[in-house]
Structures are given as C-alpha cells and as structure tokens.
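Participant: The structure that follows is given in the form of structure tokens.
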Amino acid sequence: MKQIMCAAAFTGLSLLSYAQQPAKKPLDHSVYDSWQNIGSKAISNNGQWTVYTVTPQEGDASLFIYNNQNGQRLEVPRGSNAVITEDSRYAIFSIKAPFAVVRQAKIKKKKPADMPKDSLGIVMLGSNDVYKVPAVRSFKTPEKGSGVVAYLKEKPQTDTASGHLVIYYPDKKSADTIRNVQDYIFSKPGNRLLAEVVADKKDSLSQAAVLLWNVAARKADTLSRGTALRSQFAFDEAGEQAAWCSSRDSAKALQQFYALYYYRPGQDSGVITADRNTRAFPANWSVSPDGKVWFSQNGQRLFFGTAPIRPPKDTNIVDFEVAKVDIWNYQDDYLQPMQLKNADKELKRSYQAVYYPGNKQIIQLADKDMENISFAREGNSPYAVGYTDRGQRVVVQWTGNSLKTAYLVNLENGNRKLLQQNMDSVARISPAGRYITWYNLQQKQWFAYETATGITRNITEKIPVSLSEEDDDHPDLPGPYGMAGWLEDDKAVYIYDRYDIWQVDPAGKNAPQMITAGYGRQQKLRFRYAKVLKEEKFFKPGQLLLLETFSETTKENGFYTAPCTFKKAPLKPGLLVMGPYTFGDPVKAENAGNYIFTKASYVQSPDVYTGTSLANATQISHINPQQQQYNWGTAELFKWTAYNGKPAEGILYKPEDFDSTKKYPVILYFYEKLTDGLYNYQPPSPTPSRLNIPFFVSRGYLVLAPDITYENGHPGQGAYDYVVSGARALAAHPWADSLNMGIQGQSWGGYQVAYLITRTHLFKAAWAGAPVANMTSAYGGIRWETGMNRQFQYERSQSRIGATLWEKPELYMENSPLFHLPKVTTPLAIMSNDADGAVPWYQGIELFTGLRRLGKKVWLLNYNNEAHNLVLRQNRKDIQRREQQFFDHFLKNAPAPEWMEKGVPATEKGKNWGWETAGNAQ
C-alpha cells in the first residue's frame, strides 16, 4: 500500500510538473541562422569510420569523425570536405576560416591576398590529434592510393594563381615541396603526380615546367620546359602514361595554337602527338584546350578534343566606334537569345578525337555533322554512339526538344553507321558496348541495336504494362520510367515500369521477367535501384539489389531487396525497412557490410545513421536539439473529393499544440503534386519565395498543400477544382477558420494563385511569386536564363494549353488572369524580380498595373537583380518578414506595416524598410 501511495504521489508530482511547463515558443525570424543540416558524409572502405559535417544555415560548420565500432567521436570546428584515405587510416579535410572573421574582412573590403585563409587538417583515425597546416588553398589525395597527400600552400601577400605544392607523407611525417605550382593532379593509384610550375617573376632562375613526381622515389622528372599555356592534365589508369594540352603562344597573343603532349615511361619528356598540322583533322582545325583529355581504362587510347582554329583578334576594331547589334534571322538554328546565352560554351566546344599510342594513329571521331559521342566500358569498347540534332533545332522553339540522328561509331577507324533518324530520345551504349538502346516515345517501347550483327529489336513489346509515365498530365508524349542498369557482359538490361523492375534480354531470346514479381504494382510500391558503391558499373549474376521503395498509398519510404538473377521464378522482394520517414543517400563501405544514410520525417531533422542493417542502424548525429523548445507541427494526409468528382489528397500541417476546440487561420500552398513529400523535413529557413511552412504552422496557422491534376487546355480550372474544393473540405471542420483563409504559390503556383482570385472570393489574402498574368503576351516571350522561347511551355509543357495561340486563342484568354481582373476582391501581394530568367517580370507588372487601375488592393515586390527564385540570403530573410506581416494582417487582424499601409518612396530606398507598424513595432 505504501509503495502504491508513493507511486501515486510521484505520478501526481510528474503531472503537476508537466502542467507547469511553459508553452513552447513559436518560431521567429531569429532562428534561421543556427538551424543545422547534414552536409557531406563518407564511410571508410573498412566500414569502421564515418565522417560527416553539420552545417548551420549561416555560421561555422563542424566536422565529426565517428568510430562505428566503439561510438567514440571527434569534433573538428569548421572542418569540411573530408576525404577518408583508401586504406581507412586517415581523414583529410579543409578547415574554413572563421565565418565572423571572413565577414569582418569583407566589410573592411580587404584585398584577396589579405583575406582570412583556410587551413588543412589531417587526423590519423583513432587519434584525437589534428595535424593542421595554415593557409592552404587546396588539397588532393589519390583516388585509389594511400600514404600521400598533396596540398597547395598560399604564397604570403600575393594574389597569384600559383602556390607552393607540399607533398606530405603522413606515416613518415615528412614532406617535399615544389615551388610555384599552378595546377596538379594525382594518378588514380597515387604512384605519380603531375605538377604545372610557373616562373616566379621575382626569381630570375625559376622556369616554367611540367614535372612528374615519383611518389615512392620522392623525386621529379621534367616532362616539359619553358613558358606555355597548359591545360587538361591526365594520367592513365595505371599512373604510367600522361598527357596534356599546351601552347607556346603568349596569353596576350592574337591567336593561340595548341598541341597534344604525350608521355610514357622511357621517354625523356612529353612529345607532341597532335597539332594544327595533323592530317587527320579537318582543314584549319587543331587541338582544343577546352576538350577533356583522358585515357581509356586499358590505356590503349588517348581521347582529346579538337576544334576549328579561331581567327586572330582584329586589333583594328575600335570598340566605341562599332555598332552593338544582335541580328535575328528566321533561318537560324537557335534564336539569338539562346545563341548569346550559349556563346561562350560554343566558343569552347570541342570535338572528340583519339590517339593510339601503340601505332601513333590519330582518328577524328566527331565533327560538325555529329557533335556528340558517348563511350562504353570507359573507352575500351570498339564502338561508341554518336548523335546530332543538326537540321532539327528550329522546332525547339515550340517543342522544347529536338529530334536526333544517331550513329554507331567504330573507334578503330572512325567509320559511322546510321542507326536511327528522327529519334525522340537519347541513345545510350551498354557498359560492354554490345548494344545501343533508346526509348521510342511514339511507340512507347525500348529498342536495342546489336553492334555485332546490326540487328535492331523491340525488346519490351512483350511487357504487358506501360513503360511510360501513366499519370503524366502534360499535352505531350509521356516519357519512360527509365533503366536501373545492366547485367555483367550486357547479358540483360533492367527497365522500370511505374512500380516494378523488368529483366530484359537485349538479344531477344528470353522473355522479359519481373525481378520484383509484380509485388510493386500489387501493393502500389515504387521500386528503384539504389546504387551504394561508387565504382559499380554493372550488376553481377545473383547480386542482391538494394531497392529504394516508396508507397503511393501511405507515402512511406524504405528499402527492399531483390536478386538481379534467379534460377526459377522470382520471389517477392525482401522487406528491409518501411516507415513514415525519408531516407537519403545510402552509401556502403567498399570492403565491409556497413552503410551510412540519413533518416528524417517532418518532425525529425535529417540525421546520420550507420550500421550493417538499414532497419536497425545507429543514429550518430543529433542536430537541431533546439527544435524541442519551439512549437513545431505535424503532417498528415488529408483526403476529399475534388469538384471534378475525382479523389483528391494533400498534406495538412497542424501546429504541435493543435486544439480541436479552437479555430485556426488557413493558408493553402500548392504547385502540382506535393504529397510524395509527406515525410520530408522542412527546416525553418528563409525560402527563395515559397511558403515557409514550419514557420507559419508554429505560429498558429493550418497549412494545406493539395495535389492538383490537370486537363489539357484548362490548367486554371484544374487548380480551381482541387484547391478550392480542398479549402472548402477543410473548412467543413470546426477548427478551420473559413473566414480567414489565404493562398500562396511561387512560379507555376504563383500563376495559379493569380488565376484563383479571379474565380472565387473564398480567400481573404493571396501571395503570388513570379506569376504569369497574361498567357498571350508570355507565349512569345523568352526564358532569359536559357534563351529559349516560351512557346513550348504552353503547347507541350507545364502550362498545358496543348495548342498554339493561333489555334486556340480562347484557351489562352480563359486561363489568363489579366482578362478577368475586374472579378478580383482578394488583396494580392506579388513578387516579380527584374532579373527573373524564367518568367518575364513584366508579367508581374501587367498584373499589378491592371489591379491598381481597377482600384484593387495590390503590392509588388521587385528584388533588384534577383532571379526567379531569390538567391541572396538577405532578400530571402526580407521576404519572410513581409510574408508574415501580410498574412498576419489579413488572417489574424494584426496591424498593417508601413510598406503595406503607405508604401516606401524611392527616395527612402535602402534607408526605410517599411517594416514598422503604428501599433506594433516588428
């Protein structure tokens, strides 16, 4: 009895203590900077060590080194970009200069040479000692070797691109130095290092050169001497052969001519193997300094780029005396804005060529009639696939894509064989080079061309389900779900349908089989292969594949397994873990069974987990503990019937302290379909302009994010059918305040906001970021970030009209908010930025000026020189504050700030932000 009374007394005390706990705080704008995320992470090859960074939104990050066996942890302040050496013995990383110190240096406008410098950190795993080297510009380690690291030390008080290269041997704790190095690379096994040395203007004896450092012997050979422009350094797989591009012409010369240099053991130096006099090149072509130089995996081929020789710069042209004009011609392949956007890329375009060190033969593979080539088996295969869209580019203006012509390219002689014309997708070559595959959008089938026989086969015609996106609602041919990979020696290819994975014989001898046994479609589970080993090029017979899995019904995520080959019928995939979480970036140790990955939910920050089991892994990071101090929220599926009679669903976000006896103001946020992200974590960060959901939920709002399905020609009606029906379905609950509902959207969501306020008076406030107001004027405009014309977007893509302006002008007017503005009664805030590269900012101006003339309540925010989505953090913070003030005023009856009440005159720009309110200073 006494024990019972004590227990009761203790329980009562606990309840009393709990009742007396203060209510959790709402999020405010001060929380952003300290909120953390997981940055880079890696696991050692032996599976014993995990390194990861924890990064605040603004401030200094920390690097953590975790022992997966005993749980010991080392924190290195400001550590980042860690690499674990191949032998699992060392962690090597940068140590950034303190954020506050860098900030002050920027404020004081210090010169680059006087800015705070980063350092290098090295830790022997298992030790708590950090070996630090100050003023390090960069570091590199061998991809597949150990025992050495190279780092480039800053030269004191100089802004030059060169530094002193230190080659450090951690085991020996000794180092060698090469002075005045501008560029350097390790060979893959780490046995050699190439260093480009430049002459020191202060040292008359110094000389530019290319040095080959022997890591074991700790000595250098000179492969090239003298001042030159050099680029594209490369080693072969074994670290024996080397190559680079070089020009003896001055950087100020009116014309530079490059050559390809090649070195192999036994030579005294690198020798020129190709230059502007090479007969294999087209007339007036030479080696390009912009084309990647690389060796095939077996070392028998050296690939490099060529290009037409540029004419010398005309020094007779006086810049201020010549016209500046862009000439648009109807016969141009691409519109002028697209040409101008890609001008630098085109000037640096190179065309693939190959050099055979064995017989010193050079073959030009690509040219202006076939610009692109992709290779198989890391360049070992005798074949490659080439393609071009020459003659098919004009249609990009209204289709968004061009048809292509594909060729089989023989790498031994450069011969081309036509594979397919008018191809509506990209052709890919298999890992061993035995097949070239492509998807035909018209036929909705995968095809394979056999390189040995020249036979083309439809390899998926016997698959009884759709291989193209079943729920695509754009007025265009739906694309494929894609490929998972290939079986070793190209014996099978693995192809996705909506849910399952099919093993397909590219030779057409065996019928396709589902390795997932139809379980995906049966349970509405999407299976997709998760590549967890960086070096994996193909599947091996009997390999157990890790499958990232998503439930379309519950929106849960997890992992299953399935063997890529089987003796009899496939079995149901094996469940590893499924749950109300998201899992990110699983990586497996190369030589052990350990994994690392992140796991999160809407209420749980993404943290790092490690273990041999994905279901029972150990959580090793614990970011954002401060979240427990704040009134967070919950996320759940909300279902109703849309106005078109179809089932509808969305995500309903509620405050953590939700009380069903109270009424809550509501904001609806939408784009297209968002429910797949039900379990995504959303940090309280200043967003590029979309709704900051956790912020508003924490402050007592309900947020509904409805999925929208569209009908071609009537995208606005689709938004109305789902958004308004969802709002009214939510308003049927007594805790949703139907008199205080708002809407917010960005880009396509911003357009839908602008459209909806012309169709309904339900919403008390609306916020539209980068909206299109007038489809008739936007139709012919330019997306300045790409230079592309906008016609394709309306005819084939997101805007979903499905016809030209001349074919269906009534649809463009029906879906344009501008033509229906007299119906608007909802106050509207618009963000429309003058450097928006996706939606012309005059669309926001049309919307604003139209509403202004009609006497409607409307505001427009133009963040100067900002993009479609805000980039600068100070602008993101500003819009979050204004968005809160806007919705608080209309949905919570808070005082209006000055920028809304009176505006901010241009004469006060940059001095008065207009945040203050008469009754409540912000």
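Every chain in the structure tokens takes a letter, A first, then B, and so on in the order presented; its residues are numbered from 1, and the ligands are numbered from 1 following the presented order.
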Extract, using only C-alpha atoms, all DNA, RNA and protein residues at most 9 Å from A:Gly121, discarding same-chain residues fewer than 6 positions from it, and format them as a count of residues only.

Facilitator: 12

Participant: From a DSSP pass on the backbone, collect the residues of stretch 502-579 of chain A flagged as strand (DSSP E) and hand them back as an MDAnalysis selection string.

Facilitator: chainID A and resid 502:504 513:514 525:529 544:551 557:563 574:579

Participant: Next, dump the selected residues to file, keeping only C-alpha atoms, as a PDB file, in the first residue's frame.

Facilitator:
```
ATOM      1  CA  TRP A 502      11.919  -5.971 -65.501  1.00  0.00           C
ATOM      2  CA  GLN A 503      14.889  -8.060 -66.561  1.00  0.00           C
ATOM      3  CA  VAL A 504      15.034  -7.777 -70.341  1.00  0.00           C
ATOM      4  CA  GLN A 513      10.725 -11.205 -66.366  1.00  0.00           C
ATOM      5  CA  MET A 514       9.954  -9.053 -63.357  1.00  0.00           C
ATOM      6  CA  LEU A 525       5.131   0.315 -54.142  1.00  0.00           C
ATOM      7  CA  ARG A 526       7.649   2.051 -56.409  1.00  0.00           C
ATOM      8  CA  PHE A 527      10.905   0.093 -56.563  1.00  0.00           C
ATOM      9  CA  ARG A 528      14.028   1.915 -57.759  1.00  0.00           C
ATOM     10  CA  TYR A 529      17.601   0.681 -57.616  1.00  0.00           C
ATOM     11  CA  LEU A 544      21.172  -8.683 -54.303  1.00  0.00           C
ATOM     12  CA  LEU A 545      19.954  -5.254 -55.353  1.00  0.00           C
ATOM     13  CA  LEU A 546      19.028  -2.634 -52.780  1.00  0.00           C
ATOM     14  CA  LEU A 547      15.748  -1.004 -53.829  1.00  0.00           C
ATOM     15  CA  GLU A 548      14.624   2.408 -52.635  1.00  0.00           C
ATOM     16  CA  THR A 549      10.903   1.988 -52.091  1.00  0.00           C
ATOM     17  CA  PHE A 550       8.024   4.470 -51.965  1.00  0.00           C
ATOM     18  CA  SER A 551       4.404   3.677 -51.136  1.00  0.00           C
ATOM     19  CA  ASN A 557       9.612   5.249 -47.696  1.00  0.00           C
ATOM     20  CA  GLY A 558      12.043   2.424 -47.128  1.00  0.00           C
ATOM     21  CA  PHE A 559      14.161  -0.304 -48.662  1.00  0.00           C
ATOM     22  CA  TYR A 560      13.541  -3.758 -50.117  1.00  0.00           C
ATOM     23  CA  THR A 561      15.924  -6.194 -51.781  1.00  0.00           C
ATOM     24  CA  ALA A 562      15.656  -8.374 -54.874  1.00  0.00           C
ATOM     25  CA  PRO A 563      18.215 -10.552 -56.688  1.00  0.00           C
ATOM     26  CA  GLY A 574      12.560  -8.826 -49.277  1.00  0.00           C
ATOM     27  CA  LEU A 575      11.479  -6.109 -46.862  1.00  0.00           C
ATOM     28  CA  LEU A 576      14.284  -4.357 -45.010  1.00  0.00           C
ATOM     29  CA  VAL A 577      12.501  -1.325 -43.601  1.00  0.00           C
ATOM     30  CA  MET A 578       9.451   0.817 -44.390  1.00  0.00           C
ATOM     31  CA  GLY A 579       8.081   3.635 -42.323  1.00  0.00           C
TER      32      GLY A 579
END
```

Participant: What separation in Å, quoted to one decimal, exists between atom CA of A:Ala150 and atom CA of A:Leu120?

Facilitator: 10.5 Å

Participant: Take atom CA of A:Pro77 and atom CA of A:Val102 and report the distance between them in Å, one decimal.

Facilitator: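 If I compute the distance from atom CA of A:Pro77 to atom CA of A:Val102, I get 15.4 Å.
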
Participant: Please identify all polymer residues within 9 Å of A:Ala511, counting only C-alpha atoms, omitting same-chain residues fewer than 3 positions from it, and present them as a list of chain:residue names.

Facilitator: A:Ile459, A:Thr460, A:Lys462, A:Ile463, A:Gln503, A:Val504, A:Asp505, A:Gly508

Participant: Show me, as a PDB file with C-alpha atoms, in the first residue's frame, the residues that have an atom within 10 Å of A:Val724 when counting only C-alpha atoms, minus same-chain residues fewer than 5 positions from it.

Facilitator:
```pdb
ATOM      1  CA  ALA A 642     -12.430  17.339 -55.978  1.00  0.00           C
ATOM      2  CA  TYR A 643     -15.010  19.297 -57.958  1.00  0.00           C
ATOM      3  CA  LEU A 668      -3.096  26.810 -48.880  1.00  0.00           C
ATOM      4  CA  PRO A 706      -3.193  19.942 -52.144  1.00  0.00           C
ATOM      5  CA  GLY A 718      -7.657  22.170 -62.626  1.00  0.00           C
ATOM      6  CA  ALA A 719      -6.289  24.452 -59.924  1.00  0.00           C
ATOM      7  CA  ALA A 729     -13.439  20.421 -47.436  1.00  0.00           C
ATOM      8  CA  LEU A 730     -11.058  21.685 -44.764  1.00  0.00           C
ATOM      9  CA  LEU A 756      -7.858  31.537 -58.487  1.00  0.00           C
ATOM     10  CA  ARG A 759     -12.673  32.703 -59.815  1.00  0.00           C
ATOM     11  CA  THR A 760     -13.514  32.819 -56.117  1.00  0.00           C
ATOM     12  CA  LEU A 762     -13.215  32.499 -50.707  1.00  0.00           C
ATOM     13  CA  PHE A 763      -9.703  33.674 -49.874  1.00  0.00           C
TER      14      PHE A 763
END
```

Participant: Can you tell me, as a ChimeraX atom specification, what residues are no more than 12 Å from A:Asn359 when counting only C-alpha atoms, ignoring any on the same chain fewer than 6 positions away?

Facilitator: /A:273,300-302,412

Participant: Would you output that residue set with N, CA and C atoms, as a short mmCIF file (atom, residue, chain, number, x, y, z; two decimals), in the first residue's frame?

Facilitator:
```
data_model
loop_
_atom_site.label_atom_id
_atom_site.label_comp_id
_atom_site.auth_asym_id
_atom_site.auth_seq_id
_atom_site.Cartn_x
_atom_site.Cartn_y
_atom_site.Cartn_z
N THR A 273 52.02 14.90 -80.09
CA THR A 273 51.41 13.84 -80.89
C THR A 273 50.36 14.38 -81.86
N GLN A 300 44.98 1.98 -73.84
CA GLN A 300 45.33 1.83 -75.26
C GLN A 300 44.86 2.99 -76.12
N ARG A 301 44.02 3.85 -75.56
CA ARG A 301 43.51 5.00 -76.32
C ARG A 301 43.68 6.26 -75.48
N LEU A 302 43.99 7.34 -76.17
CA LEU A 302 44.06 8.66 -75.53
C LEU A 302 43.05 9.56 -76.25
N GLU A 412 37.98 2.17 -84.06
CA GLU A 412 39.22 1.71 -84.67
C GLU A 412 39.52 2.46 -85.96
#
```

Participant: Fewer than 5 positions away in the same chain doesn't count, so skip those; otherwise give me all residues within 10 Å of A:Thr687, counting only C-alpha atoms, as a list in words.

Facilitator: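 These residues fall inside the cut-off: Asn692, Ile693, Asn869, Leu870, Val871, Arg873, Asn875, Arg876, Lys877, Ile879 and Gln880 of chain A.
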
Participant: Print the selection's residues with N, CA and C atoms to a file, as a PDB file, in the first residue's frame.

Facilitator:
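Written out: selection.pdb:
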```
ATOM      1  N   ASN A 692       7.037  29.379 -46.187  1.00  0.00           N
ATOM      2  CA  ASN A 692       7.857  28.817 -45.111  1.00  0.00           C
ATOM      3  C   ASN A 692       6.907  28.067 -44.173  1.00  0.00           C
ATOM      4  N   ILE A 693       6.595  26.834 -44.528  1.00  0.00           N
ATOM      5  CA  ILE A 693       5.519  26.093 -43.864  1.00  0.00           C
ATOM      6  C   ILE A 693       5.747  25.930 -42.361  1.00  0.00           C
ATOM      7  N   ASN A 869      13.773  32.560 -58.438  1.00  0.00           N
ATOM      8  CA  ASN A 869      13.737  32.233 -57.017  1.00  0.00           C
ATOM      9  C   ASN A 869      14.868  33.013 -56.343  1.00  0.00           C
ATOM     10  N   LEU A 870      14.564  33.666 -55.246  1.00  0.00           N
ATOM     11  CA  LEU A 870      15.550  34.520 -54.592  1.00  0.00           C
ATOM     12  C   LEU A 870      16.823  33.739 -54.255  1.00  0.00           C
ATOM     13  N   VAL A 871      17.960  34.361 -54.508  1.00  0.00           N
ATOM     14  CA  VAL A 871      19.256  33.740 -54.254  1.00  0.00           C
ATOM     15  C   VAL A 871      19.910  34.325 -53.003  1.00  0.00           C
ATOM     16  N   ARG A 873      20.661  35.675 -49.468  1.00  0.00           N
ATOM     17  CA  ARG A 873      20.045  35.332 -48.188  1.00  0.00           C
ATOM     18  C   ARG A 873      19.353  36.539 -47.553  1.00  0.00           C
ATOM     19  N   ASN A 875      17.771  38.848 -49.013  1.00  0.00           N
ATOM     20  CA  ASN A 875      16.472  39.014 -49.671  1.00  0.00           C
ATOM     21  C   ASN A 875      15.492  37.942 -49.220  1.00  0.00           C
ATOM     22  N   ARG A 876      15.991  36.734 -49.015  1.00  0.00           N
ATOM     23  CA  ARG A 876      15.130  35.669 -48.506  1.00  0.00           C
ATOM     24  C   ARG A 876      14.599  36.006 -47.109  1.00  0.00           C
ATOM     25  N   LYS A 877      15.458  36.558 -46.291  1.00  0.00           N
ATOM     26  CA  LYS A 877      15.016  36.950 -44.951  1.00  0.00           C
ATOM     27  C   LYS A 877      13.986  38.079 -45.032  1.00  0.00           C
ATOM     28  N   ILE A 879      11.828  38.766 -47.459  1.00  0.00           N
ATOM     29  CA  ILE A 879      10.508  38.352 -47.939  1.00  0.00           C
ATOM     30  C   ILE A 879       9.771  37.517 -46.893  1.00  0.00           C
ATOM     31  N   GLN A 880      10.513  36.786 -46.055  1.00  0.00           N
ATOM     32  CA  GLN A 880       9.853  36.021 -44.996  1.00  0.00           C
ATOM     33  C   GLN A 880       9.146  36.967 -44.020  1.00  0.00           C
TER      34      GLN A 880
END
```

Participant: What's the 12 Å shell around A:Leu861, counting only C-alpha atoms, without same-chain residues fewer than 2 positions away, as a ChimeraX atom specification?

Facilitator: /A:689,767-770,828-834,841,844-845,848,858-859,863-864,866,870,875,878-879,882-883,899-900,903-904,913

Participant: Please return as a list in words: the residues of stretch 273-422 of chain A that backbone DSSP assigns to alpha helix (DSSP H).

Facilitator: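 Those in stretch 273-422 of chain A that DSSP calls alpha helix (DSSP H) are Gln336, Pro337, Met338, Gln339, Leu340, Lys341, Ala343, Asp344, Lys345, Glu346, Leu347, Val396, Gln397, Trp398 and Thr399 of chain A.
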
Participant: How would the residues just picked look written out with N, CA and C atoms as a CSV table (one decimal), in the first residue's frame?

Facilitator:
```
chain,number,residue,atom,x,y,z
A,336,GLN,N,18.4,34.1,-81.3
A,336,GLN,CA,19.6,34.9,-80.9
A,336,GLN,C,19.8,34.8,-79.3
A,337,PRO,N,18.7,35.0,-78.5
A,337,PRO,CA,19.0,34.9,-77.1
A,337,PRO,C,19.6,33.6,-76.6
A,338,MET,N,19.2,32.5,-77.3
A,338,MET,CA,19.8,31.2,-76.9
A,338,MET,C,21.2,31.1,-77.4
A,339,GLN,N,21.5,31.7,-78.6
A,339,GLN,CA,22.9,31.7,-79.1
A,339,GLN,C,23.8,32.6,-78.2
A,340,LEU,N,23.3,33.7,-77.8
A,340,LEU,CA,24.0,34.6,-76.9
A,340,LEU,C,24.3,33.9,-75.5
A,341,LYS,N,23.3,33.2,-75.0
A,341,LYS,CA,23.4,32.6,-73.7
A,341,LYS,C,24.5,31.5,-73.8
A,343,ALA,N,26.9,31.4,-76.1
A,343,ALA,CA,28.1,31.8,-76.9
A,343,ALA,C,29.4,31.3,-76.4
A,344,ASP,N,29.6,31.5,-75.1
A,344,ASP,CA,30.9,31.0,-74.5
A,344,ASP,C,31.1,29.5,-74.6
A,345,LYS,N,30.0,28.8,-74.4
A,345,LYS,CA,30.0,27.3,-74.5
A,345,LYS,C,30.3,26.9,-75.9
A,346,GLU,N,29.7,27.6,-76.9
A,346,GLU,CA,30.0,27.3,-78.3
A,346,GLU,C,31.4,27.6,-78.7
A,347,LEU,N,32.0,28.7,-78.2
A,347,LEU,CA,33.3,29.1,-78.5
A,347,LEU,C,34.3,28.1,-77.9
A,396,VAL,N,12.8,23.5,-81.6
A,396,VAL,CA,13.0,23.7,-80.1
A,396,VAL,C,12.1,24.8,-79.6
A,397,GLN,N,11.9,25.8,-80.5
A,397,GLN,CA,11.1,27.0,-80.1
A,397,GLN,C,9.7,26.6,-79.6
A,398,TRP,N,9.1,25.6,-80.2
A,398,TRP,CA,7.7,25.2,-79.8
A,398,TRP,C,7.6,23.8,-79.2
A,399,THR,N,8.7,23.0,-79.3
A,399,THR,CA,8.6,21.7,-78.7
A,399,THR,C,9.4,21.5,-77.5
```

Participant: Pick from A:His714, A:Lys588, A:Lys537, A:Lys41: nearest to A:Leu811, with only C-alpha atoms counted?

Facilitator: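 Using only C-alpha atoms, A:Leu811 sits closest to A:His714.
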
Participant: Please report the interatomic distance between atom CA of A:Asp424 and atom CA of A:Ala507 in Å with one decimal.

Facilitator: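 It comes out at 22.7 Å.
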